[in-house]
Structure formats: C-alpha cells, structure tokens
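> First, the structure itself, so that you have it in front of you.
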Amino acid sequence: MEKDEEKIDTELENQHNGDIQDVEFVEDEEEKNPRDTIKRLRSELKVSQKDRQDYLEMSQRLKADAVNARRLDDEWRKEFVKFSEERLIMRLLPVLESFSLATANKEAWEALPKDWRVGMEYIYKELVNALSEHGLTEINPQVGDVFDPYHHISVGVVIALDKKLDQTIAEVLQKGYGLNDKVLKPSRVSVATFEAQ
C-alpha cells in the first residue's frame, strides 16, 4: 500500500513540475495593470506580424528566383544542345562539299557507271538529311539576289552596266551553310558593281 502511495505522490509531483514549466509567470505589476499587459501584447503582436510579412515576402522572392533560375537553366541547355554538334558538323562540311564538287562537272559525272552514281547520290542525300535534322541549312543565293555580307563573302567584282544590278550577286562560286540561324560558312560570290560610262 505504501508503495502505491509513493508512486502516486511521485506522479503528482512530476505532473506538478511539468505544469510549472508550461506556465508563463506574469509579473505582479502586470497583474495589477492589465492595460499595460494588453499594450505590451499588442506591440509584440505587431512585431510578430511584421516579421511574418517579411518572411512571407522573402519566401515569395526566393520562389520567384528559383523559377527564374530554372527557366534560364532550361534556355541555356536548349542553346547548348542546339550548338553542341557544331564542331562535328563543321568537320563534315568538307565531305559534303566534296560530294558537290564531284557532281559539279556534269560531263565527268555522266561518264561514270550509272549504278555507282545512283549509290553516291543516295549517300549524299542521306548525309544532307542527317545534317538537316540537326539544324544544318544551305545558304545558296541566286544570281540577282541582293548581296548580304552576313551570308555571303565577295571574292570578286563584276562591272554592271545596269544600275538595278548594283550590289547584287553576279555569280555563285560556292554555297554556304548555316546552323540554327547561325552562319557557319558564308557562300562565296562575285558581286556586281554599277559603273556609269
């Protein structure tokens, strides 16, 4: 029986100690003047609300910064992927140009066996298609087009007697290539220049 009473006393004492820890003691003066207590609590509430608002604004800014950073990272990755193959494509351009040169001399090309020509043309088309899928485009101006120094390199000048032909392409010597709106290799052309006689 005594053990049970001791156990109950211990539990009551532990419970009483827990209650003491949870209770916030109020000073005697505040008990006497509740208006001061209310005033102090309102002041603390305003500070807490201001802190809460500051944390909310900071949280919103951080979320916006994270969204912007993710968007910029996605854009950078797209650009990286877009131009990551540029080096390989630049290495393959001479191969593509060699095919074009091989077929440029029609007389010599026609002299070759037909089956061989068909096979070579098929390989050329496959190479062009594969490179096109990765963003390669031809810059192939026509005679009479306006000369554009961004897309063309002038390697010669031809005298034009008609003023309408001034600064137009007189001859295309070699087509150029672009990759995703970027000029990899400008086309080589001769430019017509008007000279009054």
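In the structure tokens, each chain is lettered A, B, ... as it comes, each chain's residues begin at 1, and ligands are numbered from 1 in order of appearance.
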Find the residues near region 122-136 of chain A: any atom within 9 Å, counting only C-alpha atoms, skip ones fewer than 4 places away on the same chain, and give them as number ranges by chain.
A: 82, 85, 89, 92, 96, 99-100, 117-118, 177-181
> Keeping only N, CA and C atoms, take the residues you just selected and write them out as an mmCIF file, in the first residue's frame.

```cif
data_model
loop_
_atom_site.group_PDB
_atom_site.id
_atom_site.type_symbol
_atom_site.label_atom_id
_atom_site.label_comp_id
_atom_site.auth_asym_id
_atom_site.auth_seq_id
_atom_site.Cartn_x
_atom_site.Cartn_y
_atom_site.Cartn_z
ATOM 1 N N LYS A 82 21.569 22.859 -78.960
ATOM 2 C CA LYS A 82 21.444 23.369 -80.325
ATOM 3 C C LYS A 82 22.801 23.480 -81.008
ATOM 4 N N GLU A 85 26.622 20.254 -81.424
ATOM 5 C CA GLU A 85 27.078 19.434 -82.544
ATOM 6 C C GLU A 85 27.787 20.261 -83.609
ATOM 7 N N ILE A 89 29.611 18.996 -87.145
ATOM 8 C CA ILE A 89 29.067 19.430 -88.437
ATOM 9 C C ILE A 89 30.126 20.188 -89.226
ATOM 10 N N LEU A 92 32.241 17.793 -90.915
ATOM 11 C CA LEU A 92 31.603 17.080 -92.016
ATOM 12 C C LEU A 92 31.330 17.966 -93.238
ATOM 13 N N LEU A 96 30.705 17.084 -97.352
ATOM 14 C CA LEU A 96 29.517 17.500 -98.097
ATOM 15 C C LEU A 96 29.917 18.301 -99.342
ATOM 16 N N PHE A 99 31.285 16.075 -102.158
ATOM 17 C CA PHE A 99 30.216 15.473 -102.951
ATOM 18 C C PHE A 99 29.709 16.462 -103.995
ATOM 19 N N SER A 100 29.512 17.716 -103.573
ATOM 20 C CA SER A 100 29.012 18.742 -104.504
ATOM 21 C C SER A 100 30.003 18.966 -105.644
ATOM 22 N N ARG A 117 26.863 6.012 -109.689
ATOM 23 C CA ARG A 117 26.331 7.372 -109.487
ATOM 24 C C ARG A 117 25.098 7.356 -108.588
ATOM 25 N N VAL A 118 24.213 6.384 -108.811
ATOM 26 C CA VAL A 118 22.991 6.281 -108.002
ATOM 27 C C VAL A 118 23.352 6.038 -106.537
ATOM 28 N N TYR A 177 26.742 27.515 -95.568
ATOM 29 C CA TYR A 177 25.938 26.697 -94.663
ATOM 30 C C TYR A 177 25.688 27.455 -93.364
ATOM 31 N N GLY A 178 24.507 27.199 -92.805
ATOM 32 C CA GLY A 178 24.140 27.778 -91.516
ATOM 33 C C GLY A 178 23.685 26.685 -90.577
ATOM 34 N N LEU A 179 23.750 26.976 -89.295
ATOM 35 C CA LEU A 179 23.307 26.022 -88.277
ATOM 36 C C LEU A 179 22.434 26.761 -87.282
ATOM 37 N N ASN A 180 21.144 26.415 -87.272
ATOM 38 C CA ASN A 180 20.197 27.035 -86.333
ATOM 39 C C ASN A 180 20.308 28.558 -86.322
ATOM 40 N N ASP A 181 20.132 29.163 -87.465
ATOM 41 C CA ASP A 181 20.159 30.630 -87.637
ATOM 42 C C ASP A 181 21.536 31.251 -87.423
#
```
> Do you know which residues are at most 8 Å from region 187-190 of chain A counting only C-alpha atoms, after dropping those on the same chain fewer than 6 positions away, and could you put them as a PyMOL selection string?
chain A and resi 139-141+151-158+169-177
> Tell me, in Å to one decimal, how far CA of Leu161 (chain A) is from CA of Gly144 (chain A).
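Going from CA of Leu161 (chain A) over to CA of Gly144 (chain A), I get 13.7 Å.
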> Going by DSSP on the backbone, which residues of region 8-186 of chain A come out as strand (DSSP E or B)? List them as a list in words.
Leu136, Thr137, Glu138, Ile139, Val146, His152, Ile153, Ser154, Val155, Gly156, Val157, Val158, Ile159, Ala160, Thr168, Ile169, Ala170, Glu171, Val172, Leu173, Gln174, Gly176, Tyr177, Gly178, Leu179, Lys182, Val183, Leu184 and Lys185 of chain A
> Give the alpha helix (DSSP H) residues of chain A, as DSSP finds them on the backbone, and put them as a PyMOL selection string.
chain A and resi 2-22+28-32+34-84+86-104+106-111+114-133
